[in-house]
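Novice: Pasting in a structure now, in structure tokens, and then I'll have a few things to ask.
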Amino acid sequence: MKPVKVGLLGLGTVGTGVVRIVEGHQEDLHRQTGAAIQIEKILVKDRSKARSVSIDADKVTLDPMDILNNPDIDVVVEVMGGITPTKDYILEALSRGKHVVTANKDLMALHGPEIMKKAEEKGCDVFYEASVAGGIPIIRTLAEGFSSDRITKIMGIVNGTTNYILSKMSQEGAAYADVLKEAQELGYAEADPTSDVEGLDAARKMTILGTLGFNVNVALSDVTVKGISQVTKEDILYGKKLGYEVKLLGIAERTGDSISVSVQPTMVKTTHPLASVGGVFNAVYVYGEAVGETMFYGPGAGEMPTATSIVADLVAVVKNMGLGVNGRRGVAPYKEKKLKTDEEINSKNYILLHVEDKAGVLARITQVFSAHDVSLESVLQHPNPTNPKAEIIIITHDASQANMKKVLKDFESLDVIDKIKSVYRVEG
Ligand code: NAP
Ligand code: HSE
């Protein structure tokens with residue numbers, strides 16, 4: 001097979017790792033694919049920037065057409081990020097019959113169906129393993145490894161920044177703002193960390209995982225999102241006392257034909273495998289009807305872990321080229337989308353209330369739960385030495401989201417409740 005030529009869009013953190021792996025693993029890549037893989041051109045924004053890999057100056061370009069309109073280039077690897085002009089570049093590459101490998105979760109979450117449609121029309125491959133959980137091969141696992149099973153639940157710690165923040169708050173009692181600053185300095189957070197801490201980055205990743213796991217076109221707008229900016233040291237401390245770790249979980253669930261996808265801070269029982277995933281690591285827990293519980297763990301970001309996923313996609317494209325089977329998409333989402341109603345979404349819940357410390361308060365509160373058919377697993381009252389209010393921590397049994405909303409609405413007008421401090425889903 002003749003050498004396969006690659007055009008790289010971007011030479012930042014991930015692009016640099018791709019160059020290192022493609023150049024450093026030439027012999028293995030050739031043996032696995034039957035072709036030499038060569039990086040022909042690299043698009044950057046700033047030619048004068050110092051690079052940590054040595055590159056022939058004539059390979060570097062500022063003109064995207066040197067790649068998109070180059071008849072020698074077979075595969076475009078997109079590691080630029082963002083939506084504009086990246087989406088146009090990818091569509092242009094596909095229109096010219098070039099295969100695409102991308103790490104771009106934002107683009108795949110928002111425009112995945114349009115990109116896959118164009119790829120299908122043109123008989124091209126589009127692979128995006130690096131877009132979720134960096135170095136963990138979770139996309140191929142869902143699309144291929146689980147093809148014989150029916151997935152009912154996917155729970156992911158898919159944002160390293162927030163996991164780093166929550167782990168540090170839990171292990172060292174650190175304050176939220178200090179750890180966020182540290183995560184930015186360490187390069188884990190996005191340029192604007194709001195998308196990490198408010199859950200949007202995780203929501204984009206869950207859109208991709210939900211689509212693959214349930215064979216339904218999940219849109220970003222289908223995902224309910226709550227970030228970690230309101231999580232306090234107090235929540236983490238009480239969670240620990242009760243045997244829980246607070247984690248930002250992406251949760252995609254299917255019951256019958258109905259699905260729900262959410263991102264929210266969750267109290268995870270310390271015995272659940274997701275509770276021990278610390279620091280910047282990612283993990284995806286998948287429950288299949290036949291296989292039962294599985295979990296995939298590893299680095300969710302970083303130069304070399306993310307580049308391994310990109311180059312594995314490149315290997316898949318080149319193997320397909322050798323077999324002449326590019327563009328034969330395994331399985332496009334083929335099921336009708338039915339989103340669960342609030343009545344159909346069930347979970348245990350953790351509630352922290354500040355209340356009047358006087359007789360009869362607990363009875364008034366439990367009356368509200370019972371009026372809306374929510375049964376309680378445990379109730380803990382804690383005197384607060386710094387304030388005359390008492391703290392009540394409640395864990396419910398499984399309750400519908402609809403009933404929980406009614407309880408919380410009634411609590412807002414219940415005179416003995418001073419403040420609803422926190423409400424979290426409970427898992428495990
Ligand atoms: P990065 O370090 O910011 O690098 C972006 C690269 O793209 C730079 O080389 C930049 O050129 C180039 N670029 C950006 N806009 C351009 C434009 N308009 N025209 C030409 N070149 C342009 O980004 P990254 O961290 O490598 O991330 C790349 C992609 O991988 C993103 O989609 C990201 O979400 C995804 N991803 C990243 C990680 C990670 O750990 N970093 C993990 C998983 C997925 P200059 O170098 O000249 O500025
Ligand atoms: N900001 C992202 C994270 C980078 O913290 O997980 C990897 O997508």
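Chains: A, B, ... in order of the structure tokens. Residues: from 1 per chain. Ligands: from 1, in order shown.
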Can you list, as a PyMOL selection string, every protein, DNA or RNA residue that comes within 12 Å of Val331 of chain A when you count only C-alpha atoms, leaving out same-chain residues fewer than 4 positions away?

Specialist: chain A and resi 116+120+140+142-144+146-147+211-217+327+335

Novice: Report as CSV: every residue of chain A with an atom at most 6 Å from ligand 1, its closest pair of atoms, and their distance in Å to one decimal, counting only C-alpha atoms and all ligand atoms, with rows sorted by chain and ascending residue number.

Specialist:
residue,atom,partner,partner_atom_place_in_ligand_line,distance
A:Gly10,CA,ligand 1,7 (O),3.4
A:Leu11,CA,ligand 1,9 (O),3.4
A:Gly12,CA,ligand 1,4 (O),3.2
A:Thr13,CA,ligand 1,26 (O),3.7
A:Val14,CA,ligand 1,26 (O),3.8
A:Gly15,CA,ligand 1,26 (O),5.6
A:Leu43,CA,ligand 1,21 (N),5.4
A:Val44,CA,ligand 1,21 (N),3.7
A:Lys45,CA,ligand 1,47 (O),3.6
A:Asp46,CA,ligand 1,47 (O),3.6
A:Arg47,CA,ligand 1,47 (O),6.0
A:Val79,CA,ligand 1,28 (C),4.1
A:Met80,CA,ligand 1,7 (O),3.5
A:Gly81,CA,ligand 1,32 (O),3.2
A:Ala103,CA,ligand 1,30 (O),4.5
A:Asn104,CA,ligand 1,32 (O),3.6
A:Lys105,CA,ligand 1,34 (O),6.0
A:Ala130,CA,ligand 1,43 (C),5.5
A:Ser131,CA,ligand 1,44 (C),5.0
A:Gly134,CA,ligand 1,43 (C),4.5
A:Ala301,CA,ligand 1,40 (O),3.5
A:Gly302,CA,ligand 1,40 (O),3.6
A:Glu303,CA,ligand 1,40 (O),5.6
A:Thr306,CA,ligand 1,42 (C),5.4

Novice: Atoms to include: N, CA and C atoms. Write the selected residues as a CSV table (one decimal), in the first residue's frame.

Specialist:
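Final output, again-v1.csv:
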chain,number,residue,atom,x,y,z
A,10,GLY,N,-3.8,22.0,13.4
A,10,GLY,CA,-3.4,22.4,14.8
A,10,GLY,C,-2.2,21.6,15.3
A,11,LEU,N,-1.3,22.4,16.0
A,11,LEU,CA,-0.1,21.8,16.6
A,11,LEU,C,0.0,22.3,18.0
A,12,GLY,N,-1.1,22.2,18.8
A,12,GLY,CA,-1.0,22.6,20.2
A,12,GLY,C,-0.7,21.4,21.1
A,13,THR,N,-1.3,21.3,22.2
A,13,THR,CA,-1.1,20.2,23.1
A,13,THR,C,-1.3,18.8,22.4
A,14,VAL,N,-2.4,18.6,21.9
A,14,VAL,CA,-2.7,17.3,21.3
A,14,VAL,C,-2.0,17.1,20.0
A,15,GLY,N,-2.0,18.1,19.1
A,15,GLY,CA,-1.3,18.0,17.8
A,15,GLY,C,0.2,17.6,18.0
A,43,LEU,N,-1.4,22.8,9.9
A,43,LEU,CA,-1.9,24.2,9.9
A,43,LEU,C,-1.8,24.7,11.3
A,44,VAL,N,-1.2,26.0,11.4
A,44,VAL,CA,-1.1,26.6,12.7
A,44,VAL,C,-1.7,28.1,12.5
A,45,LYS,N,-1.8,28.8,13.7
A,45,LYS,CA,-2.2,30.2,13.6
A,45,LYS,C,-1.0,31.1,13.6
A,46,ASP,N,0.0,30.7,14.3
A,46,ASP,CA,1.2,31.5,14.5
A,46,ASP,C,2.5,30.8,14.2
A,47,ARG,N,3.0,31.1,13.1
A,47,ARG,CA,4.2,30.4,12.6
A,47,ARG,C,5.4,30.6,13.5
A,79,VAL,N,-7.2,18.9,15.3
A,79,VAL,CA,-6.9,19.2,16.7
A,79,VAL,C,-6.7,20.6,17.0
A,80,MET,N,-7.6,21.4,16.3
A,80,MET,CA,-7.6,22.9,16.5
A,80,MET,C,-8.6,23.3,17.6
A,81,GLY,N,-9.7,22.6,17.6
A,81,GLY,CA,-10.7,22.9,18.6
A,81,GLY,C,-11.7,24.0,18.1
A,103,ALA,N,-10.7,15.4,17.7
A,103,ALA,CA,-10.8,15.3,19.1
A,103,ALA,C,-11.8,16.3,19.7
A,104,ASN,N,-12.6,16.8,18.8
A,104,ASN,CA,-13.4,18.0,19.1
A,104,ASN,C,-14.8,17.6,19.6
A,105,LYS,N,-14.9,17.6,21.0
A,105,LYS,CA,-16.2,17.2,21.6
A,105,LYS,C,-17.3,18.3,21.3
A,130,ALA,N,-11.0,10.5,20.7
A,130,ALA,CA,-10.3,11.4,21.7
A,130,ALA,C,-11.3,12.5,22.2
A,131,SER,N,-12.5,12.6,21.7
A,131,SER,CA,-13.4,13.6,22.1
A,131,SER,C,-14.0,13.4,23.5
A,134,GLY,N,-10.4,11.6,26.8
A,134,GLY,CA,-9.1,11.6,26.3
A,134,GLY,C,-8.5,10.3,25.9
A,301,ALA,N,-7.4,13.6,29.7
A,301,ALA,CA,-6.8,14.7,28.9
A,301,ALA,C,-5.3,14.6,28.9
A,302,GLY,N,-4.7,15.5,28.3
A,302,GLY,CA,-3.2,15.6,28.3
A,302,GLY,C,-2.7,15.2,26.9
A,303,GLU,N,-1.4,15.7,26.7
A,303,GLU,CA,-0.9,15.5,25.3
A,303,GLU,C,-0.8,14.0,24.8
A,306,THR,N,-4.2,11.7,25.0
A,306,THR,CA,-5.2,12.1,24.0
A,306,THR,C,-4.7,11.7,22.6

Novice: For ligand 2, which of A:Val317, A:Ala275, A:Val60, A:Ala203 is the closest residue, counting only C-alpha atoms and all ligand atoms?

Specialist: A:Ala203

Novice: Please return as a list in words the residues found within 6 Å of ligand 2, counting only C-alpha atoms and all ligand atoms.

Specialist: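 So, counting only C-alpha atoms and all ligand atoms, the residues near ligand 2 are Asn159, Gly160, Thr161, Tyr188, Ala189, Glu190, Asp196, Gly300 and Ala301 of chain A.
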
Novice: I need the residues of segment 8-192 of chain A that end up classed as strand (DSSP E) by DSSP on the backbone, written out as an MDAnalysis selection string.

Specialist: chainID A and resid 8:9 37:43 60:61 75:78 99:102 126:127 151:157

Novice: Residues within 12 Å of Glu78 of chain A, please, as number ranges by chain. Count only C-alpha atoms; anything in the same chain fewer than 2 positions from it doesn't count.

Specialist: A: 6-12, 14-15, 18, 42-44, 64, 67-68, 75-76, 80-83, 85-91, 93, 98-105, 107-108, 126-128, 130-131, 307, 310-311, 313-314

Novice: Selected residues, N, CA and C atoms, written as a CSV table (one decimal), in the first residue's frame, please.

Specialist:
chain,number,residue,atom,x,y,z
A,6,VAL,N,-1.1,12.6,5.8
A,6,VAL,CA,-2.0,13.2,6.8
A,6,VAL,C,-1.8,14.7,6.8
A,7,GLY,N,-2.9,15.4,6.9
A,7,GLY,CA,-2.9,16.9,7.1
A,7,GLY,C,-3.3,17.1,8.5
A,8,LEU,N,-2.5,17.8,9.3
A,8,LEU,CA,-2.8,18.1,10.7
A,8,LEU,C,-3.3,19.5,10.9
A,9,LEU,N,-4.6,19.7,11.4
A,9,LEU,CA,-5.1,21.0,11.6
A,9,LEU,C,-4.8,21.3,13.1
A,10,GLY,N,-3.8,22.0,13.4
A,10,GLY,CA,-3.4,22.4,14.8
A,10,GLY,C,-2.2,21.6,15.3
A,11,LEU,N,-1.3,22.4,16.0
A,11,LEU,CA,-0.1,21.8,16.6
A,11,LEU,C,0.0,22.3,18.0
A,12,GLY,N,-1.1,22.2,18.8
A,12,GLY,CA,-1.0,22.6,20.2
A,12,GLY,C,-0.7,21.4,21.1
A,14,VAL,N,-2.4,18.6,21.9
A,14,VAL,CA,-2.7,17.3,21.3
A,14,VAL,C,-2.0,17.1,20.0
A,15,GLY,N,-2.0,18.1,19.1
A,15,GLY,CA,-1.3,18.0,17.8
A,15,GLY,C,0.2,17.6,18.0
A,18,VAL,N,0.4,14.0,18.7
A,18,VAL,CA,0.2,13.2,17.5
A,18,VAL,C,1.4,13.1,16.7
A,42,ILE,N,1.0,20.8,8.2
A,42,ILE,CA,0.4,21.2,9.6
A,42,ILE,C,-0.1,22.6,9.5
A,43,LEU,N,-1.4,22.8,9.9
A,43,LEU,CA,-1.9,24.2,9.9
A,43,LEU,C,-1.8,24.7,11.3
A,44,VAL,N,-1.2,26.0,11.4
A,44,VAL,CA,-1.1,26.6,12.7
A,44,VAL,C,-1.7,28.1,12.5
A,64,PRO,N,-5.3,27.0,5.3
A,64,PRO,CA,-6.0,25.7,5.4
A,64,PRO,C,-6.1,25.0,4.1
A,67,ILE,N,-4.0,22.1,3.0
A,67,ILE,CA,-4.4,20.8,3.4
A,67,ILE,C,-5.7,20.3,2.8
A,68,LEU,N,-6.7,21.2,2.9
A,68,LEU,CA,-8.1,20.8,2.4
A,68,LEU,C,-8.1,20.6,0.9
A,75,VAL,N,-6.0,11.9,4.8
A,75,VAL,CA,-6.7,12.0,6.1
A,75,VAL,C,-6.4,13.4,6.7
A,76,VAL,N,-7.5,14.0,7.2
A,76,VAL,CA,-7.3,15.3,8.0
A,76,VAL,C,-7.5,15.0,9.4
A,80,MET,N,-7.6,21.4,16.3
A,80,MET,CA,-7.6,22.9,16.5
A,80,MET,C,-8.6,23.3,17.6
A,81,GLY,N,-9.7,22.6,17.6
A,81,GLY,CA,-10.7,22.9,18.6
A,81,GLY,C,-11.7,24.0,18.1
A,82,GLY,N,-12.8,24.2,18.8
A,82,GLY,CA,-13.7,25.3,18.5
A,82,GLY,C,-14.7,24.8,17.4
A,83,ILE,N,-15.6,25.7,17.1
A,83,ILE,CA,-16.6,25.4,16.1
A,83,ILE,C,-16.3,26.1,14.8
A,85,PRO,N,-13.5,28.3,12.6
A,85,PRO,CA,-13.9,27.8,11.3
A,85,PRO,C,-13.8,26.3,11.2
A,86,THR,N,-13.6,25.6,12.3
A,86,THR,CA,-13.3,24.2,12.3
A,86,THR,C,-14.4,23.4,11.5
A,87,LYS,N,-15.6,23.7,11.8
A,87,LYS,CA,-16.7,22.9,11.2
A,87,LYS,C,-16.6,23.0,9.7
A,88,ASP,N,-16.4,24.2,9.2
A,88,ASP,CA,-16.3,24.4,7.7
A,88,ASP,C,-15.1,23.6,7.1
A,89,TYR,N,-14.0,23.6,7.9
A,89,TYR,CA,-12.8,22.9,7.4
A,89,TYR,C,-13.1,21.4,7.3
A,90,ILE,N,-13.8,20.9,8.3
A,90,ILE,CA,-14.1,19.4,8.3
A,90,ILE,C,-15.0,19.1,7.2
A,91,LEU,N,-16.1,19.9,7.0
A,91,LEU,CA,-17.0,19.6,5.9
A,91,LEU,C,-16.3,19.7,4.5
A,93,ALA,N,-13.1,19.2,4.0
A,93,ALA,CA,-12.2,18.0,3.8
A,93,ALA,C,-13.1,16.8,3.3
A,98,LYS,N,-11.8,13.4,1.8
A,98,LYS,CA,-10.7,13.1,2.8
A,98,LYS,C,-11.4,12.5,4.1
A,99,HIS,N,-10.7,11.5,4.7
A,99,HIS,CA,-11.2,11.0,5.9
A,99,HIS,C,-10.8,12.0,7.1
A,100,VAL,N,-11.6,11.9,8.2
A,100,VAL,CA,-11.4,12.9,9.2
A,100,VAL,C,-11.3,12.2,10.6
A,101,VAL,N,-10.3,12.6,11.3
A,101,VAL,CA,-10.1,12.2,12.7
A,101,VAL,C,-10.2,13.5,13.6
A,102,THR,N,-11.0,13.5,14.6
A,102,THR,CA,-11.1,14.7,15.4
A,102,THR,C,-11.2,14.4,16.9
A,103,ALA,N,-10.7,15.4,17.7
A,103,ALA,CA,-10.8,15.3,19.1
A,103,ALA,C,-11.8,16.3,19.7
A,104,ASN,N,-12.6,16.8,18.8
A,104,ASN,CA,-13.4,18.0,19.1
A,104,ASN,C,-14.8,17.6,19.6
A,105,LYS,N,-14.9,17.6,21.0
A,105,LYS,CA,-16.2,17.2,21.6
A,105,LYS,C,-17.3,18.3,21.3
A,107,LEU,N,-17.7,20.2,18.7
A,107,LEU,CA,-18.2,20.1,17.4
A,107,LEU,C,-19.1,18.8,17.2
A,108,MET,N,-18.6,17.7,17.8
A,108,MET,CA,-19.3,16.4,17.6
A,108,MET,C,-20.6,16.5,18.4
A,126,VAL,N,-15.3,9.2,9.7
A,126,VAL,CA,-15.0,10.2,10.7
A,126,VAL,C,-14.9,9.5,12.0
A,127,PHE,N,-13.8,9.6,12.7
A,127,PHE,CA,-13.6,9.0,14.0
A,127,PHE,C,-13.3,10.0,15.0
A,128,TYR,N,-13.7,9.8,16.2
A,128,TYR,CA,-13.6,10.9,17.2
A,128,TYR,C,-13.4,10.3,18.6
A,130,ALA,N,-11.0,10.5,20.7
A,130,ALA,CA,-10.3,11.4,21.7
A,130,ALA,C,-11.3,12.5,22.2
A,131,SER,N,-12.5,12.6,21.7
A,131,SER,CA,-13.4,13.6,22.1
A,131,SER,C,-14.0,13.4,23.5
A,307,ALA,N,-3.4,11.9,22.4
A,307,ALA,CA,-2.8,11.6,21.1
A,307,ALA,C,-2.9,10.1,20.8
A,310,ILE,N,-6.2,9.6,19.2
A,310,ILE,CA,-6.2,10.1,17.8
A,310,ILE,C,-5.5,9.2,16.8
A,311,VAL,N,-4.3,8.7,17.3
A,311,VAL,CA,-3.5,7.8,16.3
A,311,VAL,C,-4.2,6.5,16.2
A,313,ASP,N,-7.4,6.1,16.0
A,313,ASP,CA,-8.4,6.4,15.0
A,313,ASP,C,-7.7,6.4,13.6
A,314,LEU,N,-6.5,7.0,13.5
A,314,LEU,CA,-5.8,7.0,12.3
A,314,LEU,C,-5.5,5.6,11.8

Novice: Quote the spacing between atom CA of Gln264 of chain A and atom CA of Glu182 of chain A in Å to one decimal place.

Specialist: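 So the answer is 22.3 Å.
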
Novice: At a cut-off of 7 Å, using only C-alpha atoms, what residues contact Met267 of chain A? Leave out same-chain residues fewer than 3 positions from it and give the result as a list of chain:residue names.

Specialist: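 So, after excluding close chain neighbours, the residues are A:Gly239, A:Tyr244, A:Glu245, A:Val246, A:Lys247, A:Tyr424, A:Arg425, A:Val426, A:Glu427.
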
Novice: Using only C-alpha atoms, which protein or nucleic acid residues come within 6 Å of segment 220-236 of chain A? Drop anything in the same chain fewer than 2 positions from it, and give the result as a PyMOL selection string.

Specialist: chain A and resi 197-199+207+238-239+261-264

Novice: May I have the selected residues written with all heavy atoms, as a PDB file, in the first residue's frame?

Specialist:
ATOM      1  N   VAL A 197     -16.770  24.005  35.077  1.00  0.00           N
ATOM      2  CA  VAL A 197     -17.399  23.999  36.399  1.00  0.00           C
ATOM      3  C   VAL A 197     -18.922  24.041  36.340  1.00  0.00           C
ATOM      4  O   VAL A 197     -19.590  23.552  37.248  1.00  0.00           O
ATOM      5  CB  VAL A 197     -16.863  25.126  37.321  1.00  0.00           C
ATOM      6  CG1 VAL A 197     -15.392  24.924  37.600  1.00  0.00           C
ATOM      7  CG2 VAL A 197     -17.123  26.501  36.770  1.00  0.00           C
ATOM      8  N   GLU A 198     -19.467  24.591  35.257  1.00  0.00           N
ATOM      9  CA  GLU A 198     -20.934  24.606  35.155  1.00  0.00           C
ATOM     10  C   GLU A 198     -21.476  23.379  34.412  1.00  0.00           C
ATOM     11  O   GLU A 198     -22.654  23.300  34.087  1.00  0.00           O
ATOM     12  CB  GLU A 198     -21.434  25.902  34.503  1.00  0.00           C
ATOM     13  CG  GLU A 198     -21.147  27.160  35.328  1.00  0.00           C
ATOM     14  CD  GLU A 198     -21.670  27.120  36.775  1.00  0.00           C
ATOM     15  OE1 GLU A 198     -22.495  26.248  37.111  1.00  0.00           O
ATOM     16  OE2 GLU A 198     -21.214  27.945  37.592  1.00  0.00           O
ATOM     17  N   GLY A 199     -20.599  22.433  34.103  1.00  0.00           N
ATOM     18  CA  GLY A 199     -21.059  21.129  33.606  1.00  0.00           C
ATOM     19  C   GLY A 199     -21.240  21.021  32.097  1.00  0.00           C
ATOM     20  O   GLY A 199     -21.576  19.945  31.594  1.00  0.00           O
ATOM     21  N   THR A 207     -23.577  13.831  25.633  1.00  0.00           N
ATOM     22  CA  THR A 207     -24.374  13.808  24.402  1.00  0.00           C
ATOM     23  C   THR A 207     -23.807  12.733  23.468  1.00  0.00           C
ATOM     24  O   THR A 207     -24.550  11.935  22.880  1.00  0.00           O
ATOM     25  CB  THR A 207     -24.285  15.197  23.711  1.00  0.00           C
ATOM     26  OG1 THR A 207     -24.746  16.162  24.630  1.00  0.00           O
ATOM     27  CG2 THR A 207     -25.089  15.275  22.449  1.00  0.00           C
ATOM     28  N   TYR A 238     -20.462  16.472  55.105  1.00  0.00           N
ATOM     29  CA  TYR A 238     -21.617  15.648  55.489  1.00  0.00           C
ATOM     30  C   TYR A 238     -21.692  14.401  54.635  1.00  0.00           C
ATOM     31  O   TYR A 238     -22.040  13.326  55.114  1.00  0.00           O
ATOM     32  CB  TYR A 238     -22.927  16.451  55.381  1.00  0.00           C
ATOM     33  CG  TYR A 238     -23.106  17.432  56.512  1.00  0.00           C
ATOM     34  CD1 TYR A 238     -23.592  18.707  56.286  1.00  0.00           C
ATOM     35  CD2 TYR A 238     -22.789  17.062  57.813  1.00  0.00           C
ATOM     36  CE1 TYR A 238     -23.747  19.610  57.328  1.00  0.00           C
ATOM     37  CE2 TYR A 238     -22.939  17.966  58.860  1.00  0.00           C
ATOM     38  CZ  TYR A 238     -23.410  19.229  58.606  1.00  0.00           C
ATOM     39  OH  TYR A 238     -23.552  20.108  59.639  1.00  0.00           O
ATOM     40  N   GLY A 239     -21.361  14.544  53.339  1.00  0.00           N
ATOM     41  CA  GLY A 239     -21.342  13.380  52.452  1.00  0.00           C
ATOM     42  C   GLY A 239     -20.419  12.317  53.027  1.00  0.00           C
ATOM     43  O   GLY A 239     -20.795  11.148  53.175  1.00  0.00           O
ATOM     44  N   VAL A 261     -30.735  12.004  30.067  1.00  0.00           N
ATOM     45  CA  VAL A 261     -29.298  12.284  30.168  1.00  0.00           C
ATOM     46  C   VAL A 261     -29.140  13.553  31.008  1.00  0.00           C
ATOM     47  O   VAL A 261     -29.826  14.549  30.784  1.00  0.00           O
ATOM     48  CB  VAL A 261     -28.641  12.493  28.780  1.00  0.00           C
ATOM     49  CG1 VAL A 261     -27.126  12.623  28.923  1.00  0.00           C
ATOM     50  CG2 VAL A 261     -28.978  11.357  27.814  1.00  0.00           C
ATOM     51  N   SER A 262     -28.258  13.474  31.999  1.00  0.00           N
ATOM     52  CA  SER A 262     -28.061  14.640  32.872  1.00  0.00           C
ATOM     53  C   SER A 262     -26.595  14.728  33.291  1.00  0.00           C
ATOM     54  O   SER A 262     -25.847  13.762  33.180  1.00  0.00           O
ATOM     55  CB  SER A 262     -28.928  14.513  34.128  1.00  0.00           C
ATOM     56  OG  SER A 262     -28.489  13.403  34.884  1.00  0.00           O
ATOM     57  N   VAL A 263     -26.243  15.930  33.761  1.00  0.00           N
ATOM     58  CA  VAL A 263     -24.949  16.124  34.413  1.00  0.00           C
ATOM     59  C   VAL A 263     -25.263  16.832  35.713  1.00  0.00           C
ATOM     60  O   VAL A 263     -25.961  17.854  35.708  1.00  0.00           O
ATOM     61  CB  VAL A 263     -24.016  16.994  33.538  1.00  0.00           C
ATOM     62  CG1 VAL A 263     -22.774  17.393  34.325  1.00  0.00           C
ATOM     63  CG2 VAL A 263     -23.619  16.255  32.264  1.00  0.00           C
ATOM     64  N   GLN A 264     -24.793  16.301  36.833  1.00  0.00           N
ATOM     65  CA  GLN A 264     -25.124  16.929  38.116  1.00  0.00           C
ATOM     66  C   GLN A 264     -24.165  16.467  39.213  1.00  0.00           C
ATOM     67  O   GLN A 264     -23.650  15.346  39.160  1.00  0.00           O
ATOM     68  CB  GLN A 264     -26.559  16.572  38.508  1.00  0.00           C
ATOM     69  CG  GLN A 264     -26.832  15.083  38.601  1.00  0.00           C
ATOM     70  CD  GLN A 264     -28.308  14.768  38.689  1.00  0.00           C
ATOM     71  OE1 GLN A 264     -28.974  15.251  39.590  1.00  0.00           O
ATOM     72  NE2 GLN A 264     -28.839  13.981  37.760  1.00  0.00           N
TER      73      GLN A 264
END

Novice: Restricting the calculation to only C-alpha atoms: of A:Val416, A:Phe411, A:Thr308, A:Leu380, which residue gets closest to Ala359 of chain A?

Specialist: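 Residue with the minimum atom-to-atom distance to Ala359 of chain A: A:Val416.
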
Novice: When you count only C-alpha atoms, which of these residues is closest to Leu62 of chain A: A:Phe281, A:Ser48, A:Gly298, A:Ala109?

Specialist: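 Of A:Phe281, A:Ser48, A:Gly298, A:Ala109, the one nearest Leu62 of chain A, counting only C-alpha atoms, is A:Ser48.
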
Novice: Write out as a PyMOL selection string all residues of segment 288-328 of chain A that backbone DSSP assigns to alpha helix (DSSP H).

Specialist: chain A and resi 303-323

Novice: Excluding Ser52 of chain A and residues on its chain fewer than 2 positions from it, collect all residues at most 10 Å away from it, counting only C-alpha atoms, and give them as a list in words.

Specialist: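 My list of contacting residues is Leu11, Gly12, Thr13, Thr16, Gly17, Arg20, Lys49, Ala50, Ser54 and Ile55 of chain A.
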